[in-house]
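*Asks:* Dropping the structure in here first, questions after.
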Amino acid sequence: MYILFDIGGTKMRVVAANRDKFIGEPVVVSTPKDFEEGLATLKRIIDNLEHEAPVTAIVGGIAGPLDKENTMLVRSPNLGGWVGHDIKNALREVYKAPIVLENDAALVGLGEAHFGAGRGNNIVAYITVSTGVGGARIIDGTIDETAVGFEPGHQIIDPDNTLCPECDGNDLEAYVSGTAIEKRYGMKPFEIHDPAVWDKLALYLAYGLNNTIVHWSPDVIVLGGSMMKDIGIPVPLVKKHLEDIMKIFPTLPAIEKAELGDFGGLYGALAYARRHY
């Protein structure tokens with residue numbers, strides 16, 4: 001039996017699984033901002049699941065770039081209290097099973113490549129627009145190698161804020177993330193019903209995706225996260241702006257909406273566990 005987890009900036013999700021499917025419904029709780037509280041919460045959930053069968057491996061993701069050994073966060077805008085704490089070895093001390101820690105967006109991308117909107121494609125670029133903005137490149141069903149990690153949300157798209165003088169920052173995350181939108185407009189993104197706002201956000205996202213396309217040259221871009229839901233950035237508008245922006249390639253890759261919803265990271269952890277354990 002596998003234990004799979006996904007620690008996001010807002011929610012923590014944990015589930016048991018065999019090689020074929022989840023065992024029961026995932027447990028979903030708010031992510032504690034304090035590391036000790038968060039680790040205790042994760043252990044409590046795992047302990048409640050562990051009695052089902054012996055644990056073969058524990059695989060999960062967390063929001064932010066990891067150190068070279070994939071043991072801890074080195075920086076995280078939304079989980080600052082977790083930075084610098086050895087998550088992997090803290091779990092290894094308790095559970096006698098292999099522990100795998102990955103970036104959360106990379107695991108969601110892996111899940112979409114195997115089970116979701118990216119399946120059947122060799123090169124999948126996954127971009128999540130949620131509390132923050134993240135993503136990863138998946139090559140032939142595995143997370144591509146990096147020196148540190150993938151952080152497409154921190155690409156600079158407007159050095160002097162000409163596009164958005166009111167934006168607090170000049171990277172993609174500062175322009176389109178849920179955190180940035182709430183700060184800029186004084187309301188939750190799902191409370192915004194002005195089409196002009198969503199068109200502007202689609203344009204900003206298209207600038208970021210143009211960079212993703214020319215750097216990663218994917219077969220498909222899969223867009224996920226809470227900002228891509230029904231009240232959110234419309235994918236057709238993103239495509240429309242991309243068609244105007246893209247100059248160097250004759251055609252765009254497919255642009256698809258993620259299919260796995262809130263459990264993409266758990267599916268990615270399952271794909272990883274099945275390949276390695």
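Residues in the structure tokens are named by chain (A, B, ... in the order shown) and by number from 1 within that chain; ligands are numbered from 1 in the order shown.
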Applying 9 Å and only C-alpha atoms, which residues near A:Leu260 remain after dropping the ones on its own chain fewer than 6 positions away? List them as a list of chain:residue names.

*Replies:*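 Selected residues are A:Val108, A:Gly111, A:Glu112, A:Phe115, A:Gly116, A:Ala117, A:Gly224, A:Tyr267.
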
*Asks:* Can you pull out every residue within 6 Å of stretch 84-93 of chain A, counting only C-alpha atoms, but drop anything in the same chain fewer than 2 positions away, and send it as JSON, numbers by chain?

*Replies:* {"A": [71, 72, 73, 74, 82, 95]}

*Asks:* Export, as a PDB file, in the first residue's frame, the selected residues with N, CA and C atoms.

*Replies:*
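Output below, filename selection.pdb:
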```
ATOM      1  N   THR A  71      14.747  17.086   0.295  1.00  0.00           N
ATOM      2  CA  THR A  71      14.397  16.784   1.683  1.00  0.00           C
ATOM      3  C   THR A  71      13.601  17.909   2.334  1.00  0.00           C
ATOM      4  N   MET A  72      13.740  19.147   1.810  1.00  0.00           N
ATOM      5  CA  MET A  72      13.110  20.289   2.474  1.00  0.00           C
ATOM      6  C   MET A  72      12.859  21.427   1.494  1.00  0.00           C
ATOM      7  N   LEU A  73      11.941  22.296   1.864  1.00  0.00           N
ATOM      8  CA  LEU A  73      11.726  23.524   1.112  1.00  0.00           C
ATOM      9  C   LEU A  73      12.892  24.479   1.336  1.00  0.00           C
ATOM     10  N   VAL A  74      13.328  25.145   0.267  1.00  0.00           N
ATOM     11  CA  VAL A  74      14.345  26.181   0.423  1.00  0.00           C
ATOM     12  C   VAL A  74      13.727  27.577   0.370  1.00  0.00           C
ATOM     13  N   TRP A  82       7.502  26.298   6.907  1.00  0.00           N
ATOM     14  CA  TRP A  82       8.027  24.969   6.598  1.00  0.00           C
ATOM     15  C   TRP A  82       9.448  25.026   6.040  1.00  0.00           C
ATOM     16  N   TYR A  95       8.359   6.231   9.901  1.00  0.00           N
ATOM     17  CA  TYR A  95       7.805   5.191   9.036  1.00  0.00           C
ATOM     18  C   TYR A  95       8.928   4.427   8.339  1.00  0.00           C
TER      19      TYR A  95
END
```

*Asks:* DSSP says helix (DSSP H, G or I) for which residues of stretch 90-262 of chain A? Put them as a PyMOL selection string?

*Replies:* chain A and resi 90-92+104-115+152-154+172-176+178-185+189-191+195-216+226-228+235-245+261-262

*Asks:* Show which residues sit within 12 Å of A:His193, as an mmCIF file with N, CA and C atoms, in the first residue's frame. Count only C-alpha atoms, and ignore same-chain residues fewer than 4 positions away.

*Replies:*
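Output contents, as saved in part16.cif:
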```cif
data_model
loop_
_atom_site.group_PDB
_atom_site.id
_atom_site.type_symbol
_atom_site.label_atom_id
_atom_site.label_comp_id
_atom_site.auth_asym_id
_atom_site.auth_seq_id
_atom_site.Cartn_x
_atom_site.Cartn_y
_atom_site.Cartn_z
ATOM 1 N N TYR A 185 -7.685 43.412 -5.907
ATOM 2 C CA TYR A 185 -9.087 43.789 -6.094
ATOM 3 C C TYR A 185 -9.891 43.820 -4.800
ATOM 4 N N MET A 187 -11.130 41.374 -3.085
ATOM 5 C CA MET A 187 -12.169 40.350 -2.992
ATOM 6 C C MET A 187 -11.604 39.025 -3.484
ATOM 7 N N LYS A 188 -12.285 37.937 -3.112
ATOM 8 C CA LYS A 188 -11.866 36.625 -3.582
ATOM 9 C C LYS A 188 -12.051 36.552 -5.100
ATOM 10 N N PRO A 189 -11.172 35.835 -5.789
ATOM 11 C CA PRO A 189 -11.313 35.746 -7.247
ATOM 12 C C PRO A 189 -12.681 35.275 -7.703
ATOM 13 N N VAL A 197 -11.926 42.052 -16.421
ATOM 14 C CA VAL A 197 -10.869 41.625 -15.508
ATOM 15 C C VAL A 197 -10.298 40.286 -15.957
ATOM 16 N N TRP A 198 -11.179 39.355 -16.290
ATOM 17 C CA TRP A 198 -10.721 38.019 -16.670
ATOM 18 C C TRP A 198 -10.008 38.039 -18.022
ATOM 19 N N ASP A 199 -10.431 38.932 -18.908
ATOM 20 C CA ASP A 199 -9.735 39.066 -20.187
ATOM 21 C C ASP A 199 -8.315 39.589 -19.967
ATOM 22 N N ASP A 230 -14.464 27.468 -13.344
ATOM 23 C CA ASP A 230 -15.540 28.095 -14.131
ATOM 24 C C ASP A 230 -15.564 29.608 -13.942
ATOM 25 N N ILE A 231 -15.445 30.068 -12.685
ATOM 26 C CA ILE A 231 -15.217 31.495 -12.453
ATOM 27 C C ILE A 231 -13.707 31.647 -12.341
ATOM 28 N N GLY A 232 -13.090 32.084 -13.423
ATOM 29 C CA GLY A 232 -11.637 32.136 -13.469
ATOM 30 C C GLY A 232 -11.167 32.579 -14.841
ATOM 31 N N ILE A 233 -9.923 32.296 -15.131
ATOM 32 C CA ILE A 233 -9.326 32.720 -16.394
ATOM 33 C C ILE A 233 -9.812 31.789 -17.510
#
```

*Asks:* Between A:Leu107, A:Met227, A:Val55, A:Ala254, single out the one closest to A:Ala271, counting only C-alpha atoms.

*Replies:*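 Comparing A:Leu107, A:Met227, A:Val55, A:Ala254 against A:Ala271, the winner is A:Leu107.
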
*Asks:* Between A:Pro98, A:Pro159, A:Pro65, A:Pro236, which one has atoms that come closest to A:Thr146, using only C-alpha atoms?

*Replies:*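 Of all the options, A:Pro65 lies closest to A:Thr146.
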
*Asks:* Go through A:Cys164, A:Ala174, A:Ile7, A:Ile245 one by one, measure the shortest atom-to-atom distance of each to A:Leu39 using only C-alpha atoms, and give the residue with the smallest value.

*Replies:* A:Ile7

*Asks:* Record the distance separating atom CA of A:Ile45 and atom CA of A:Met12, expressed in Å with one decimal.

*Replies:*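 Atom-to-atom, atom CA of A:Ile45 and atom CA of A:Met12 are spaced 10.3 Å apart.
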
*Asks:* Pick the closest to A:Lys43 from A:Ile23, A:Ile248, A:Ile3, A:Ile192: which is it, counting only C-alpha atoms?

*Replies:*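 Smallest distance to A:Lys43 is found for A:Ile3.
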
*Asks:* For A:Ile46, work out the shell of residues within 10 Å, counting only C-alpha atoms and skipping chain neighbours fewer than 2 positions away, then give it as a list of chain:residue names.

*Replies:* A:Ile3, A:Leu4, A:Phe5, A:Val14, A:Val15, A:Ala16, A:Val27, A:Ala40, A:Thr41, A:Leu42, A:Lys43, A:Arg44, A:Asn48, A:Leu49, A:Glu50, A:His51, A:Val55, A:Ile58, A:Tyr95

*Asks:* Could you please take those selected residues and save C-alpha atoms as a short mmCIF file (atom, residue, chain, number, x, y, z; two decimals), in the first residue's frame?

*Replies:*
```
data_model
loop_
_atom_site.label_atom_id
_atom_site.label_comp_id
_atom_site.auth_asym_id
_atom_site.auth_seq_id
_atom_site.Cartn_x
_atom_site.Cartn_y
_atom_site.Cartn_z
CA ILE A 3 0.57 6.68 1.22
CA LEU A 4 0.23 9.68 -1.07
CA PHE A 5 0.15 13.32 0.03
CA VAL A 14 -3.63 12.56 1.90
CA VAL A 15 -4.84 9.17 0.62
CA ALA A 16 -3.91 5.49 0.73
CA VAL A 27 -8.49 13.27 3.52
CA ALA A 40 1.89 16.37 13.36
CA THR A 41 -1.25 16.74 11.23
CA LEU A 42 0.29 14.74 8.38
CA LYS A 43 1.46 11.98 10.74
CA ARG A 44 -1.95 11.75 12.36
CA ASN A 48 -5.18 6.56 10.59
CA LEU A 49 -4.61 5.14 7.09
CA GLU A 50 -1.64 2.90 7.89
CA HIS A 51 -3.65 0.09 9.48
CA VAL A 55 3.15 0.73 3.64
CA ILE A 58 5.19 7.36 1.06
CA TYR A 95 7.80 5.19 9.04
#
```

*Asks:* I'd like the neighbourhood of A:Tyr272 as a list in words, where a residue qualifies if any of its atoms comes within 10 Å (using only C-alpha atoms), though same-chain residues fewer than 4 positions away should be ignored.

*Replies:*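 Counting only C-alpha atoms, the residues come to Leu4, Val59, Gly60, Val100, Leu107, Leu110, Gly111, His114, Gly141, Thr142, Ile143, Leu266, Tyr267, Gly268, His276 and Tyr277 of chain A.
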
*Asks:* In Å, how far is it from atom CA of A:Ala105 to atom CA of A:Asn18?

*Replies:*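 Between atom CA of A:Ala105 and atom CA of A:Asn18 the gap is 22.3 Å.
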
*Asks:* Separation of atom CA of A:Thr212 and atom CA of A:Asn70, in Å?

*Replies:*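 Interatomic distance here is 24.0 Å.
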
*Asks:* Determine, counting only C-alpha atoms, which protein, DNA and RNA residues have an atom within 8 Å of an atom of A:Gly208; residues of the same chain fewer than 3 positions away are not included. Present the result as a list in words.

*Replies:* Pro152, Gln155, Ile157, Leu172, Tyr204, Leu205, Asn211 and Thr212 of chain A

*Asks:* Would you save the residues of that selection, restricted to N, CA and C atoms, as a PDB file, in the first residue's frame?

*Replies:*
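The resulting selection.pdb:
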```pdb
ATOM      1  N   PRO A 152       7.987  28.398 -12.986  1.00  0.00           N
ATOM      2  CA  PRO A 152       7.517  29.278 -14.067  1.00  0.00           C
ATOM      3  C   PRO A 152       6.726  30.481 -13.572  1.00  0.00           C
ATOM      4  N   GLN A 155       8.861  33.789 -13.463  1.00  0.00           N
ATOM      5  CA  GLN A 155       9.418  34.444 -14.646  1.00  0.00           C
ATOM      6  C   GLN A 155       8.950  35.896 -14.669  1.00  0.00           C
ATOM      7  N   ILE A 157       7.597  38.988 -16.388  1.00  0.00           N
ATOM      8  CA  ILE A 157       6.879  39.259 -17.639  1.00  0.00           C
ATOM      9  C   ILE A 157       6.709  40.752 -17.910  1.00  0.00           C
ATOM     10  N   LEU A 172       5.028  36.571 -13.166  1.00  0.00           N
ATOM     11  CA  LEU A 172       3.717  36.041 -13.537  1.00  0.00           C
ATOM     12  C   LEU A 172       2.844  35.796 -12.319  1.00  0.00           C
ATOM     13  N   TYR A 204      -2.305  38.394 -19.447  1.00  0.00           N
ATOM     14  CA  TYR A 204      -1.085  38.248 -18.654  1.00  0.00           C
ATOM     15  C   TYR A 204      -0.609  36.796 -18.668  1.00  0.00           C
ATOM     16  N   LEU A 205      -1.545  35.863 -18.501  1.00  0.00           N
ATOM     17  CA  LEU A 205      -1.165  34.451 -18.503  1.00  0.00           C
ATOM     18  C   LEU A 205      -0.606  34.047 -19.868  1.00  0.00           C
ATOM     19  N   ASN A 211       6.359  32.333 -23.135  1.00  0.00           N
ATOM     20  CA  ASN A 211       7.720  31.999 -22.690  1.00  0.00           C
ATOM     21  C   ASN A 211       7.856  30.494 -22.452  1.00  0.00           C
ATOM     22  N   THR A 212       6.840  29.905 -21.840  1.00  0.00           N
ATOM     23  CA  THR A 212       6.859  28.465 -21.592  1.00  0.00           C
ATOM     24  C   THR A 212       6.990  27.696 -22.898  1.00  0.00           C
TER      25      THR A 212
END
```

*Asks:* Between A:Leu270, A:Ala258, A:Val222, A:Met1, which has the minimum distance to A:Ile127 (counting only C-alpha atoms)?

*Replies:*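 Once distances to A:Ile127 are computed over only C-alpha atoms, the minimum belongs to A:Val222.
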
*Asks:* Can you pull out every residue within 8 Å of A:Ile123, counting only C-alpha atoms, but drop anything in the same chain fewer than 3 positions away, and send it as a list in words?

*Replies:*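 In the requested form, the answer reads Arg137, Ile138, Ile139, Asp140, Ser217, Pro218, Asp219 and Val220 of chain A.
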
*Asks:* Residues of the last selection are to be written out with N, CA and C atoms, as a PDB file, in the first residue's frame.

*Replies:*
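File selection_34.pdb, as written:
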```
ATOM      1  N   ARG A 137       7.777  20.477 -16.379  1.00  0.00           N
ATOM      2  CA  ARG A 137       7.806  19.806 -17.677  1.00  0.00           C
ATOM      3  C   ARG A 137       7.935  18.302 -17.451  1.00  0.00           C
ATOM      4  N   ILE A 138       7.070  17.548 -18.125  1.00  0.00           N
ATOM      5  CA  ILE A 138       7.045  16.099 -18.015  1.00  0.00           C
ATOM      6  C   ILE A 138       7.495  15.529 -19.358  1.00  0.00           C
ATOM      7  N   ILE A 139       8.519  14.692 -19.332  1.00  0.00           N
ATOM      8  CA  ILE A 139       9.078  14.098 -20.547  1.00  0.00           C
ATOM      9  C   ILE A 139       8.890  12.580 -20.489  1.00  0.00           C
ATOM     10  N   ASP A 140       8.185  12.035 -21.475  1.00  0.00           N
ATOM     11  CA  ASP A 140       7.973  10.585 -21.561  1.00  0.00           C
ATOM     12  C   ASP A 140       7.496  10.002 -20.235  1.00  0.00           C
ATOM     13  N   SER A 217       9.020  23.997 -25.513  1.00  0.00           N
ATOM     14  CA  SER A 217       8.546  23.384 -26.766  1.00  0.00           C
ATOM     15  C   SER A 217       7.685  22.141 -26.515  1.00  0.00           C
ATOM     16  N   PRO A 218       6.589  22.294 -25.780  1.00  0.00           N
ATOM     17  CA  PRO A 218       5.785  21.123 -25.423  1.00  0.00           C
ATOM     18  C   PRO A 218       4.806  20.705 -26.523  1.00  0.00           C
ATOM     19  N   ASP A 219       4.355  19.458 -26.432  1.00  0.00           N
ATOM     20  CA  ASP A 219       3.258  18.993 -27.283  1.00  0.00           C
ATOM     21  C   ASP A 219       1.930  19.573 -26.808  1.00  0.00           C
ATOM     22  N   VAL A 220       1.812  19.756 -25.493  1.00  0.00           N
ATOM     23  CA  VAL A 220       0.566  20.244 -24.906  1.00  0.00           C
ATOM     24  C   VAL A 220       0.895  21.032 -23.648  1.00  0.00           C
TER      25      VAL A 220
END
```

*Asks:* With only C-alpha atoms as the basis for distance, which of A:Ile213, A:Ala269, A:Leu252, A:Leu163 is at the shortest distance from A:Ala106?

*Replies:*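 Of A:Ile213, A:Ala269, A:Leu252, A:Leu163, the one nearest A:Ala106, counting only C-alpha atoms, is A:Ala269.
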
*Asks:* Identify, with DSSP run on backbone atoms, the residues in stretch 53-274 of chain A assigned to strand (DSSP E or B), and express the list as a PyMOL selection string.

*Replies:* chain A and resi 57-62+66+73+99-103+123-129+133-139+142-143+156+171+220-224+254-257
